[in-house]
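Shown next, in structure tokens, is the structure this report addresses.
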Amino acid sequence: MVLPAVGAIVLVAIFPLAWTAWESLHLHDLRMPWRGRPFVGLENYARLLADGRFWGAAWHTGLFVVVTVAVELFVGLALALGLDRIRRGRGLARVVVLLPWAVPTAVAALIWRFMFEGETGVANGLLTAAGVLDEPIIWFVGSVTAWVPVMLGDIWKMTPFVTLLLLAGLQNIPDTLYEAARMDGAGAWQRFREVTLPLLRPALLVALLFRTLDAVRVFDLVYVLTGGGPGTATEPLSVYAFQALLQDLRFGYGSAVSMSVFVLAFVLALVYIRVLGRTGVRGAAT
Amino acid sequence: MSRRDVSQTMQQIYTAGRTDRRGSVRPALDAMPFGLLLITLLLLALGCHEAPEAGTTVVTFSGSAVGAEAEVLRRQLATFMAENPDVRVEIRSTPDAADQRHQLYVQWLNAHTPDPDILQLDVIWTAEFAAAGWVLPLDRFGPPVDAFFSAAVRANTWRDTLYAVPWFVDVGMLYWRTDLLETPPATYADLLADARRAMGPEVPYGFVWQGARYEGLVVVFLEHLHAFGGRVLDEKGRVALDSDAALQALRFMRDAVHRHGVVPEATLTWREEQTRFAFQNGRAVLMRNWPYAVPLLEDTATSRVAGRFRVAPLPAGPGGRSASVLGGAQLAINAHSEEPDAAWRVVEFLVRADAMIERARGVGQYPARRDVYGRPGLGAALSVDPARARRIIEQAVPRPVTPVYPQLSSILQVWLHRALTGQRDPATALERAADEIRSLLERVELAPTARADGSGG
């Protein structure tokens with residue numbers, strides 16, 4: 001009975017991965033067919049290490065992961081705590097919170113792009129009316145400002161997911177513990193620190209794991225919103241891999257970039273799984 | 001990857017089908033699994049009814065074949081077949097988007113399929129296909145090169161050999177508002193002054209061009225670069241991008257945006273259509289765009305500047321030179337075509353003066369032959385006066401003619417956009433772009449023997 005499952009995993013997971021790894025050891029450039037497809041060992045990886053655009057993309061990926069995941073966890077926790085208090089209309093509240101998550105990423109990206117586009121976009125209108133900006137700015141031309149719609153878009157879309165995970169975790173904490181803490185004279189902050197946080201830890205770690213691994217591979221949001229620009233100021237690793245593979249048709253080199261995304265995600269997953277395993281998360285995470 | 005495999009498999013099936021009409025099909029069939037065999041047989045059965053009569057040569061044509069273009073093309077091919085009963089021309093549909101068509105061609109030609117025999121190429125593909133040995137050198141057919149605009153011929157020449165015949169051309173033009181200016185600016189310095197004078201609350205933009213990080217940005221930069229006397233590659237193919245002229249050109253572009261405020265910052269996110277909308281809504285004094293915008297801007301139903309604009313050559317640089325970048329389509333013959341002579345007859349027919357005028361009348365495209373611009377009939381067909389159009393096309397320049405143009409452009413797009421959005425100073429951007437292009441050209445290892453005999457694949 002194990003055989004079909006193993007077969008399926010080999011077919012859909014291991015085979016494409018092995019193929020990409022093998023491809024990354026070749027010089028394979030569809031735009032230079034006269035060079036054929038010679039085996040070049042680790043040359044693509046050596047080139048990668050010397051490629052400024054690759055390091056830029058790695059840095060952008062890291063920045064994106066740290067900022068969005070931190071904000072999503074923080075805001076998600078606040079929302080979950082709030083939703084946990086609601087006694088009436090809880091179902092409706094949850095649906096409303098979850099709505100952004102249900103919007104397809106490409107569509108969400110287009111909405112954010114529309115809001116930040118040009119001089120007359122919604123964002124410019126609101127911020128100048130509120131007196132935050134003296135005059136409209138062209139968000140997608142600044143190497144810093146272009147990050148604003150990208151990160152806001154991700155936070156808007158993915159915070160609901162974190163909220164829901166944490167809400168489930170909160171509801172697993174028995175009320176009796178809070179009562180006992182209250183009897184012992186613990187204030188609200190103390191109850192949060194001593195009861196809620198420790199018991200929510202497994203759910204927090206699961207949310208962290210999912211969000212980090214997703215954010216490391218971020219593609220569609222950036223691709224639609226900024227295309228990685230201005231220049232390559234918002235280009236993460238996946239967008240660079242796409243550029244190398246499908247725009248420049250450098251299959252060998254693009255595979256090497258893809259492998260770097262895989263290795264990064266894989267190492268992070270291993271670390272998290274070890275941490276999660278140690279905290280005995282199994283019961284609480286479900 | 002898998003997409004490629006699938007398409008190659010399809011290719012094998014397809015090739016097998018083709019070969020059958022001409023002779024042996026056995027080896028292809030033996031190598032095929034049963035399912036594929038079945039599909040092949042089905043395809044063959046379907047193909048049977050169109051088997052040509054004895055003595056008829058079948059030539060396949062692939063290119064833009066939608067809408068009005070398809071109509072003109074079909075009519076012209078019908079005329080050709082009436083005059084040449086021994087040849088039948090079939091149209092192979094290809095995607096209309098340039099990138100997708102390029103990808104499809106690469107897959108076909110890389111697999112050495114004998115058809116399509118005739119390929120409509122974008123102007124920047126010829127060198128790539130020639131170096132790969134995918135298209136035939138055309139010199140042996142004696143093409144009438146002198147009849148065409150020289151930039152179009154240069155764009156289709158690789159290592160002193162012509163590989164594709166220019167069909168129609170596209171060039172950058174300066175659109176200017178006749179109600180705001182008396183004459184179009186002759187130089188880029190005039191442009192700054194004129195634009196600033198005409199700008200106001202109603203017309204906030206002085207000059208708009210395509211500045212997003214894509215091919216269009218490279219085109220606009222090349223037009224500035226040539227006007228300022230620079231170039232990307234010299235005659236020997238060496239990188240000449242880190243020159244004073246290039247630096248002046250890029251600085252001019254950056255300053256026009258950030259110092260003079262004549263070019264709006266938003267232009268750095270715009271492609272053709274966004275610039276057209278800005279101009280069409282009356283918000284820009286001047287615009288750089290292709291000729292396609294003329295009829296759209298003349299449309300009184302949607303355009304606020306109908307009757308209040310004209311086109312002129314792009315401004316000149318300090319040396320007095322003005323340059324437009326050349327776009328457009330060419331016709332080439334598949335190196336593995338089994339009917340190269342019949343294919344040439346079709347190409348030769350399609351690029352005749354009459355055929356070009358007919359095409360101009362049907363779809364408004366600008367003929368690549370300079371000798372037709374004086375002919376009656378063309379004036380009514382084009383949206384720009386032929387004499388003026390000819391003057392603009394005469395000073396067109398091809399984009400760098402190299403088999404790795406797409407990669408070269410990709411490098412330029414990134415560094416130009418970094419410089420124009422203020423992330424790098426222009427000097428550094430050009431130096432780094434030049435370095436990257438040099439290492440690209442080294443990596444290419446163009447074999448001097450890569451010729452049309454197909455040994456290159």
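Naming works like this for the structure tokens: A, B, ... for the chains as they're shown, residue 1 at the start of each chain, ligands 1 onward in shown order.
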Would you return as a count of residues only the members of range 12-186 of chain A that DSSP assigns to alpha helix (DSSP H) on this structure's backbone? 117
Closest contacts (chain A/chain B, max 10 Å, only C-alpha atoms) as JSON lines:
```
{"residue": "A:Pro16", "atom": "CA", "partner": "B:Met1", "partner_atom": "CA", "distance": 9.2}
{"residue": "A:Trp19", "atom": "CA", "partner": "B:Met1", "partner_atom": "CA", "distance": 9.1}
{"residue": "A:Thr20", "atom": "CA", "partner": "B:Met1", "partner_atom": "CA", "distance": 9.0}
{"residue": "A:Glu23", "atom": "CA", "partner": "B:Met1", "partner_atom": "CA", "distance": 9.8}
{"residue": "A:Asp29", "atom": "CA", "partner": "B:Val444", "partner_atom": "CA", "distance": 9.6}
{"residue": "A:Leu30", "atom": "CA", "partner": "B:Val106", "partner_atom": "CA", "distance": 7.8}
{"residue": "A:Arg31", "atom": "CA", "partner": "B:Val404", "partner_atom": "CA", "distance": 7.1}
{"residue": "A:Met32", "atom": "CA", "partner": "B:Val444", "partner_atom": "CA", "distance": 6.8}
{"residue": "A:Pro33", "atom": "CA", "partner": "B:Gly457", "partner_atom": "CA", "distance": 5.9}
{"residue": "A:Trp34", "atom": "CA", "partner": "B:Gly456", "partner_atom": "CA", "distance": 4.8}
{"residue": "A:Arg35", "atom": "CA", "partner": "B:Glu445", "partner_atom": "CA", "distance": 7.5}
{"residue": "A:Gly36", "atom": "CA", "partner": "B:Gly457", "partner_atom": "CA", "distance": 7.0}
{"residue": "A:Arg53", "atom": "CA", "partner": "B:Val414", "partner_atom": "CA", "distance": 9.9}
{"residue": "A:Glu117", "atom": "CA", "partner": "B:Ala266", "partner_atom": "CA", "distance": 8.7}
{"residue": "A:Gly118", "atom": "CA", "partner": "B:Ala266", "partner_atom": "CA", "distance": 6.0}
{"residue": "A:Glu119", "atom": "CA", "partner": "B:Ala266", "partner_atom": "CA", "distance": 7.5}
{"residue": "A:Ile137", "atom": "CA", "partner": "B:Glu265", "partner_atom": "CA", "distance": 8.8}
{"residue": "A:Ile138", "atom": "CA", "partner": "B:Ala266", "partner_atom": "CA", "distance": 6.1}
{"residue": "A:Trp139", "atom": "CA", "partner": "B:Ala266", "partner_atom": "CA", "distance": 9.0}
{"residue": "A:Phe140", "atom": "CA", "partner": "B:Thr269", "partner_atom": "CA", "distance": 7.1}
{"residue": "A:Val141", "atom": "CA", "partner": "B:Thr421", "partner_atom": "CA", "distance": 5.9}
{"residue": "A:Gly142", "atom": "CA", "partner": "B:Thr421", "partner_atom": "CA", "distance": 6.6}
{"residue": "A:Ser143", "atom": "CA", "partner": "B:Gln423", "partner_atom": "CA", "distance": 7.2}
{"residue": "A:Thr226", "atom": "CA", "partner": "B:Thr269", "partner_atom": "CA", "distance": 9.2}
{"residue": "A:Gly227", "atom": "CA", "partner": "B:Arg213", "partner_atom": "CA", "distance": 8.6}
{"residue": "A:Gly228", "atom": "CA", "partner": "B:Arg213", "partner_atom": "CA", "distance": 9.4}
{"residue": "A:Gly229", "atom": "CA", "partner": "B:Arg213", "partner_atom": "CA", "distance": 7.2}
{"residue": "A:Pro230", "atom": "CA", "partner": "B:His417", "partner_atom": "CA", "distance": 6.4}
{"residue": "A:Gly231", "atom": "CA", "partner": "B:Arg418", "partner_atom": "CA", "distance": 4.5}
{"residue": "A:Thr232", "atom": "CA", "partner": "B:Val414", "partner_atom": "CA", "distance": 6.7}
{"residue": "A:Ala233", "atom": "CA", "partner": "B:Arg418", "partner_atom": "CA", "distance": 8.3}
{"residue": "A:Gln243", "atom": "CA", "partner": "B:Ser410", "partner_atom": "CA", "distance": 9.6}
{"residue": "A:Ala244", "atom": "CA", "partner": "B:Gln407", "partner_atom": "CA", "distance": 9.9}
{"residue": "A:Leu245", "atom": "CA", "partner": "B:Met1", "partner_atom": "CA", "distance": 9.8}
{"residue": "A:Leu246", "atom": "CA", "partner": "B:Gln103", "partner_atom": "CA", "distance": 9.7}
{"residue": "A:Gln247", "atom": "CA", "partner": "B:Asp99", "partner_atom": "CA", "distance": 8.8}
{"residue": "A:Asp248", "atom": "CA", "partner": "B:Gln407", "partner_atom": "CA", "distance": 6.4}
{"residue": "A:Leu249", "atom": "CA", "partner": "B:Gln103", "partner_atom": "CA", "distance": 9.2}
{"residue": "A:Arg250", "atom": "CA", "partner": "B:Gln407", "partner_atom": "CA", "distance": 9.8}
{"residue": "A:Phe251", "atom": "CA", "partner": "B:Met1", "partner_atom": "CA", "distance": 8.6}
```
Would you save the residues from that selection as a CSV table (one decimal), in the first residue's frame, using N, CA and C atoms?
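Result written to result_27.csv:
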```csv
chain,number,residue,atom,x,y,z
A,16,PRO,N,11.0,16.2,-10.6
A,16,PRO,CA,11.3,17.5,-11.1
A,16,PRO,C,12.4,18.2,-10.4
A,19,TRP,N,15.6,16.7,-11.7
A,19,TRP,CA,15.8,17.2,-13.1
A,19,TRP,C,16.4,18.6,-13.0
A,20,THR,N,15.8,19.5,-12.2
A,20,THR,CA,16.3,20.9,-12.1
A,20,THR,C,17.7,20.9,-11.6
A,23,GLU,N,19.9,19.8,-14.4
A,23,GLU,CA,19.9,20.9,-15.4
A,23,GLU,C,20.9,22.0,-15.0
A,29,ASP,N,21.5,27.1,-22.9
A,29,ASP,CA,21.0,28.4,-23.2
A,29,ASP,C,20.2,28.4,-24.5
A,30,LEU,N,18.9,28.4,-24.4
A,30,LEU,CA,18.1,28.2,-25.7
A,30,LEU,C,18.4,29.4,-26.6
A,31,ARG,N,18.9,30.5,-26.1
A,31,ARG,CA,19.2,31.6,-27.0
A,31,ARG,C,20.6,31.4,-27.7
A,32,MET,N,21.3,30.5,-27.2
A,32,MET,CA,22.6,30.2,-27.9
A,32,MET,C,22.7,28.7,-28.2
A,33,PRO,N,21.9,28.3,-29.1
A,33,PRO,CA,21.8,26.8,-29.4
A,33,PRO,C,23.1,26.3,-30.0
A,34,TRP,N,23.9,27.1,-30.6
A,34,TRP,CA,25.1,26.6,-31.1
A,34,TRP,C,26.1,26.2,-30.1
A,35,ARG,N,25.9,26.5,-28.8
A,35,ARG,CA,26.8,26.1,-27.8
A,35,ARG,C,26.4,24.7,-27.2
A,36,GLY,N,25.2,24.2,-27.7
A,36,GLY,CA,24.8,22.9,-27.2
A,36,GLY,C,24.4,22.9,-25.8
A,53,ARG,N,23.3,40.7,-9.0
A,53,ARG,CA,21.8,40.7,-9.1
A,53,ARG,C,21.3,39.6,-8.2
A,117,GLU,N,-0.8,53.4,-8.4
A,117,GLU,CA,-0.3,53.8,-9.7
A,117,GLU,C,-0.4,55.3,-9.9
A,118,GLY,N,0.6,55.8,-10.6
A,118,GLY,CA,0.6,57.2,-11.1
A,118,GLY,C,0.5,58.3,-10.0
A,119,GLU,N,0.1,59.5,-10.4
A,119,GLU,CA,0.0,60.6,-9.5
A,119,GLU,C,-1.4,60.7,-8.9
A,137,ILE,N,3.5,61.2,-4.9
A,137,ILE,CA,4.8,60.6,-5.3
A,137,ILE,C,4.5,59.4,-6.2
A,138,ILE,N,5.5,59.1,-7.1
A,138,ILE,CA,5.3,58.0,-8.0
A,138,ILE,C,6.0,56.8,-7.3
A,139,TRP,N,5.1,56.0,-6.6
A,139,TRP,CA,5.6,54.9,-5.8
A,139,TRP,C,6.5,53.9,-6.4
A,140,PHE,N,6.2,53.6,-7.7
A,140,PHE,CA,6.9,52.5,-8.3
A,140,PHE,C,8.2,52.9,-8.9
A,141,VAL,N,8.6,54.2,-8.8
A,141,VAL,CA,9.8,54.7,-9.3
A,141,VAL,C,10.9,54.7,-8.2
A,142,GLY,N,10.5,54.8,-7.0
A,142,GLY,CA,11.5,54.9,-5.9
A,142,GLY,C,11.8,53.5,-5.4
A,143,SER,N,13.1,53.3,-5.2
A,143,SER,CA,13.6,51.9,-4.8
A,143,SER,C,13.1,51.5,-3.4
A,226,THR,N,5.3,45.1,-9.3
A,226,THR,CA,6.5,45.9,-9.7
A,226,THR,C,7.3,45.2,-10.8
A,227,GLY,N,7.1,44.0,-11.1
A,227,GLY,CA,7.9,43.2,-12.0
A,227,GLY,C,9.4,43.2,-11.5
A,228,GLY,N,9.6,43.5,-10.2
A,228,GLY,CA,10.9,43.5,-9.6
A,228,GLY,C,11.6,44.8,-9.6
A,229,GLY,N,11.0,45.8,-10.3
A,229,GLY,CA,11.6,47.1,-10.4
A,229,GLY,C,11.2,48.1,-9.3
A,230,PRO,N,11.7,49.3,-9.3
A,230,PRO,CA,12.5,49.9,-10.4
A,230,PRO,C,13.9,49.3,-10.5
A,231,GLY,N,14.5,49.3,-11.7
A,231,GLY,CA,15.7,48.5,-11.8
A,231,GLY,C,15.4,47.1,-11.4
A,232,THR,N,16.1,46.6,-10.3
A,232,THR,CA,15.8,45.3,-9.7
A,232,THR,C,15.6,45.5,-8.2
A,233,ALA,N,15.1,46.7,-7.8
A,233,ALA,CA,15.1,47.0,-6.4
A,233,ALA,C,14.1,46.2,-5.6
A,243,GLN,N,13.0,35.2,-14.5
A,243,GLN,CA,13.6,36.0,-15.5
A,243,GLN,C,14.7,35.2,-16.3
A,244,ALA,N,15.5,34.5,-15.5
A,244,ALA,CA,16.6,33.8,-16.1
A,244,ALA,C,16.1,32.6,-16.9
A,245,LEU,N,15.1,31.9,-16.4
A,245,LEU,CA,14.6,30.7,-17.0
A,245,LEU,C,13.7,31.0,-18.2
A,246,LEU,N,12.7,31.8,-18.0
A,246,LEU,CA,11.7,31.9,-19.1
A,246,LEU,C,11.8,33.1,-19.9
A,247,GLN,N,12.5,34.2,-19.4
A,247,GLN,CA,12.6,35.4,-20.2
A,247,GLN,C,13.9,35.3,-21.0
A,248,ASP,N,15.0,35.0,-20.3
A,248,ASP,CA,16.3,34.9,-21.0
A,248,ASP,C,16.6,33.5,-21.5
A,249,LEU,N,15.7,32.5,-21.2
A,249,LEU,CA,15.8,31.1,-21.7
A,249,LEU,C,17.2,30.5,-21.3
A,250,ARG,N,17.8,31.0,-20.2
A,250,ARG,CA,19.0,30.3,-19.7
A,250,ARG,C,18.6,29.2,-18.7
A,251,PHE,N,18.4,28.1,-19.3
A,251,PHE,CA,17.9,27.0,-18.5
A,251,PHE,C,18.8,26.5,-17.4
```
Residues at most 6 Å from Val162 in chain A, counting only C-alpha atoms, excluding those fewer than 2 positions away in the same chain, as JSON, numbers by chain? {"A": [76, 159, 160, 164, 165, 207]}
I'd like the contact shell of Asp175 in chain A - 12 Å cut-off, only C-alpha atoms, skipping same-chain residues fewer than 3 positions apart - returned as an mmCIF file with C-alpha atoms, in the first residue's frame.
```cif
data_model
loop_
_atom_site.group_PDB
_atom_site.id
_atom_site.type_symbol
_atom_site.label_atom_id
_atom_site.label_comp_id
_atom_site.auth_asym_id
_atom_site.auth_seq_id
_atom_site.Cartn_x
_atom_site.Cartn_y
_atom_site.Cartn_z
ATOM 1 C CA ASP A 84 -11.587 35.376 20.524
ATOM 2 C CA LEU A 170 -6.520 30.335 21.339
ATOM 3 C CA GLN A 171 -9.678 28.302 21.459
ATOM 4 C CA ASN A 172 -7.685 25.265 22.506
ATOM 5 C CA TYR A 178 -7.458 31.789 32.921
ATOM 6 C CA GLU A 179 -9.800 31.452 35.881
ATOM 7 C CA ALA A 180 -7.086 29.863 37.982
ATOM 8 C CA ALA A 181 -4.649 32.620 37.005
ATOM 9 C CA ARG A 182 -7.221 35.247 37.897
ATOM 10 C CA ARG A 191 -2.354 36.246 32.076
ATOM 11 C CA VAL A 195 -0.936 31.551 30.048
ATOM 12 C CA THR A 196 -1.773 32.649 26.519
#
```
Using only C-alpha atoms, determine which residues lie at most 10 Å from Asn84 in chain B, disregarding the query and same-chain residues fewer than 2 positions distant; provide the list as a PyMOL selection string. chain B and resi 56+78-82+86-88+342+345-346
Go ahead and write the selection's residues with N, CA and C atoms as a PDB file, in the first residue's frame.
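Once everything was written out, this is selection.pdb:
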```
ATOM      1  N   THR B  56       2.496  19.692 -57.657  1.00  0.00           N
ATOM      2  CA  THR B  56       2.330  20.921 -56.909  1.00  0.00           C
ATOM      3  C   THR B  56       3.291  20.945 -55.727  1.00  0.00           C
ATOM      4  N   ALA B  78      -3.362  34.344 -52.640  1.00  0.00           N
ATOM      5  CA  ALA B  78      -4.259  33.834 -53.681  1.00  0.00           C
ATOM      6  C   ALA B  78      -3.810  34.336 -55.050  1.00  0.00           C
ATOM      7  N   THR B  79      -3.455  35.623 -55.119  1.00  0.00           N
ATOM      8  CA  THR B  79      -2.954  36.175 -56.374  1.00  0.00           C
ATOM      9  C   THR B  79      -1.693  35.442 -56.813  1.00  0.00           C
ATOM     10  N   PHE B  80      -0.806  35.200 -55.831  1.00  0.00           N
ATOM     11  CA  PHE B  80       0.442  34.502 -56.149  1.00  0.00           C
ATOM     12  C   PHE B  80       0.148  33.126 -56.737  1.00  0.00           C
ATOM     13  N   MET B  81      -0.795  32.402 -56.093  1.00  0.00           N
ATOM     14  CA  MET B  81      -1.071  31.041 -56.550  1.00  0.00           C
ATOM     15  C   MET B  81      -1.746  31.041 -57.921  1.00  0.00           C
ATOM     16  N   ALA B  82      -2.527  32.089 -58.195  1.00  0.00           N
ATOM     17  CA  ALA B  82      -3.141  32.184 -59.515  1.00  0.00           C
ATOM     18  C   ALA B  82      -2.066  32.374 -60.580  1.00  0.00           C
ATOM     19  N   ASP B  86       1.873  26.085 -59.971  1.00  0.00           N
ATOM     20  CA  ASP B  86       2.651  24.938 -59.504  1.00  0.00           C
ATOM     21  C   ASP B  86       2.996  25.020 -58.010  1.00  0.00           C
ATOM     22  N   VAL B  87       2.670  26.141 -57.358  1.00  0.00           N
ATOM     23  CA  VAL B  87       3.004  26.290 -55.945  1.00  0.00           C
ATOM     24  C   VAL B  87       1.732  26.531 -55.148  1.00  0.00           C
ATOM     25  N   ARG B  88       1.609  25.823 -54.015  1.00  0.00           N
ATOM     26  CA  ARG B  88       0.508  26.138 -53.129  1.00  0.00           C
ATOM     27  C   ARG B  88       1.052  26.633 -51.799  1.00  0.00           C
ATOM     28  N   ALA B 342      10.946  27.639 -54.215  1.00  0.00           N
ATOM     29  CA  ALA B 342       9.536  28.043 -54.246  1.00  0.00           C
ATOM     30  C   ALA B 342       9.263  29.063 -53.140  1.00  0.00           C
ATOM     31  N   ARG B 345      10.292  32.424 -54.180  1.00  0.00           N
ATOM     32  CA  ARG B 345       9.351  33.051 -55.126  1.00  0.00           C
ATOM     33  C   ARG B 345       8.211  33.724 -54.370  1.00  0.00           C
ATOM     34  N   VAL B 346       7.754  33.088 -53.297  1.00  0.00           N
ATOM     35  CA  VAL B 346       6.681  33.692 -52.500  1.00  0.00           C
ATOM     36  C   VAL B 346       7.184  34.977 -51.834  1.00  0.00           C
TER      37      VAL B 346
END
```
I'd like the contact shell of Ser322 in chain B - 12 Å cut-off, only C-alpha atoms, skipping same-chain residues fewer than 6 positions apart - returned as a list of chain:residue names.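 Answer for this query is B:Gly172, B:Met173, B:Leu174, B:Pro185, B:Ala186, B:Thr187, B:Tyr188, B:Leu222, B:Glu223, B:His224, B:Leu225, B:His226, B:Ala227, B:Phe228, B:Gly229, B:Gly230, B:Ala312, B:Pro313, B:Leu314, B:Pro315, B:Ala316, B:Arg391, B:Ile392, B:Ile393, B:Glu394, B:Gln395, B:Ala396, B:Val397.
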Given the selection you just returned, output its residues as a file containing N, CA and C atoms, formatted as a compact mmCIF listing (two decimals), in the first residue's frame.
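Everything below was put into selection06.txt:
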```txt
# COMPACT_ATOMS: atom_id res chain seq x y z
N GLY B 172 10.46 55.21 -34.60
CA GLY B 172 10.10 56.17 -33.57
C GLY B 172 9.87 57.54 -34.19
N MET B 173 8.80 58.23 -33.75
CA MET B 173 8.48 59.55 -34.28
C MET B 173 8.23 60.51 -33.13
N LEU B 174 8.39 61.79 -33.40
CA LEU B 174 8.08 62.80 -32.40
C LEU B 174 6.69 63.36 -32.69
N PRO B 185 10.50 70.87 -32.14
CA PRO B 185 11.88 71.14 -31.76
C PRO B 185 12.86 70.35 -32.63
N ALA B 186 13.91 71.04 -33.09
CA ALA B 186 14.86 70.38 -33.98
C ALA B 186 15.94 69.65 -33.19
N THR B 187 16.22 70.14 -31.99
CA THR B 187 17.25 69.48 -31.19
C THR B 187 16.69 69.18 -29.81
N TYR B 188 17.40 68.30 -29.09
CA TYR B 188 16.95 67.97 -27.73
C TYR B 188 17.03 69.19 -26.81
N LEU B 222 18.39 54.23 -27.12
CA LEU B 222 19.18 54.15 -28.36
C LEU B 222 18.95 55.39 -29.22
N GLU B 223 17.73 55.89 -29.23
CA GLU B 223 17.45 57.09 -30.02
C GLU B 223 18.19 58.29 -29.48
N HIS B 224 18.21 58.43 -28.16
CA HIS B 224 19.01 59.49 -27.55
C HIS B 224 20.50 59.25 -27.84
N LEU B 225 20.92 58.01 -27.64
CA LEU B 225 22.34 57.66 -27.78
C LEU B 225 22.86 58.01 -29.17
N HIS B 226 22.14 57.60 -30.22
CA HIS B 226 22.60 57.88 -31.58
C HIS B 226 22.58 59.37 -31.87
N ALA B 227 21.57 60.07 -31.34
CA ALA B 227 21.50 61.52 -31.56
C ALA B 227 22.71 62.21 -30.92
N PHE B 228 23.16 61.69 -29.79
CA PHE B 228 24.32 62.28 -29.13
C PHE B 228 25.63 61.73 -29.68
N GLY B 229 25.55 60.90 -30.70
CA GLY B 229 26.76 60.43 -31.38
C GLY B 229 27.35 59.16 -30.79
N GLY B 230 26.61 58.45 -29.96
CA GLY B 230 27.15 57.23 -29.37
C GLY B 230 26.60 55.99 -30.03
N ALA B 312 6.94 64.46 -36.47
CA ALA B 312 8.17 65.01 -37.02
C ALA B 312 9.29 64.03 -36.70
N PRO B 313 10.45 64.21 -37.34
CA PRO B 313 11.60 63.38 -36.94
C PRO B 313 11.95 63.67 -35.47
N LEU B 314 12.51 62.70 -34.79
CA LEU B 314 12.94 62.92 -33.42
C LEU B 314 14.04 63.99 -33.42
N PRO B 315 14.20 64.72 -32.31
CA PRO B 315 15.18 65.81 -32.29
C PRO B 315 16.60 65.31 -32.49
N ALA B 316 17.46 66.23 -32.89
CA ALA B 316 18.87 65.91 -33.08
C ALA B 316 19.64 66.21 -31.81
N ARG B 391 11.36 60.58 -44.89
CA ARG B 391 12.46 61.32 -44.27
C ARG B 391 12.80 60.73 -42.88
N ILE B 392 11.75 60.38 -42.14
CA ILE B 392 12.00 59.84 -40.80
C ILE B 392 12.64 58.45 -40.89
N ILE B 393 12.14 57.64 -41.83
CA ILE B 393 12.68 56.27 -41.92
C ILE B 393 14.12 56.28 -42.45
N GLU B 394 14.43 57.26 -43.32
CA GLU B 394 15.79 57.35 -43.87
C GLU B 394 16.83 57.47 -42.76
N GLN B 395 16.45 58.13 -41.67
CA GLN B 395 17.44 58.33 -40.61
C GLN B 395 17.28 57.31 -39.48
N ALA B 396 16.62 56.21 -39.80
CA ALA B 396 16.44 55.18 -38.77
C ALA B 396 17.75 54.43 -38.56
N VAL B 397 17.91 53.90 -37.36
CA VAL B 397 19.07 53.06 -37.07
C VAL B 397 18.55 51.71 -36.56
```
Would you kindly return, as a VMD selection string, each protein, DNA or RNA residue with an atom no farther than 9 Å from any atom of Leu204 in chain A, considering only C-alpha atoms and excluding same-chain residues fewer than 2 positions away? chain A and resid 73 77 162 165 to 166 169 197 200 to 202 206 to 209
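A straight line drawn from CA of Ala368 in chain B to CA of Pro340 in chain B is 22.5 Å long.
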So what do you get for CA of Glu348 in chain B versus CA of Arg361 in chain B, distance-wise? 19.3 Å
At what distance in Å, to one decimal, does CA of Asn44 in chain A lie from CA of Leu241 in chain B?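 We find that CA of Leu241 in chain B and CA of Asn44 in chain A lie 26.7 Å from each other.
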From the DSSP assignment of the backbone, select every residue of range 46-276 of chain B that is strand (DSSP E), and format the answer as a ChimeraX atom specification. /B:57-63,87-93,118-122,157-158,161-162,165-171,173-177,205-208
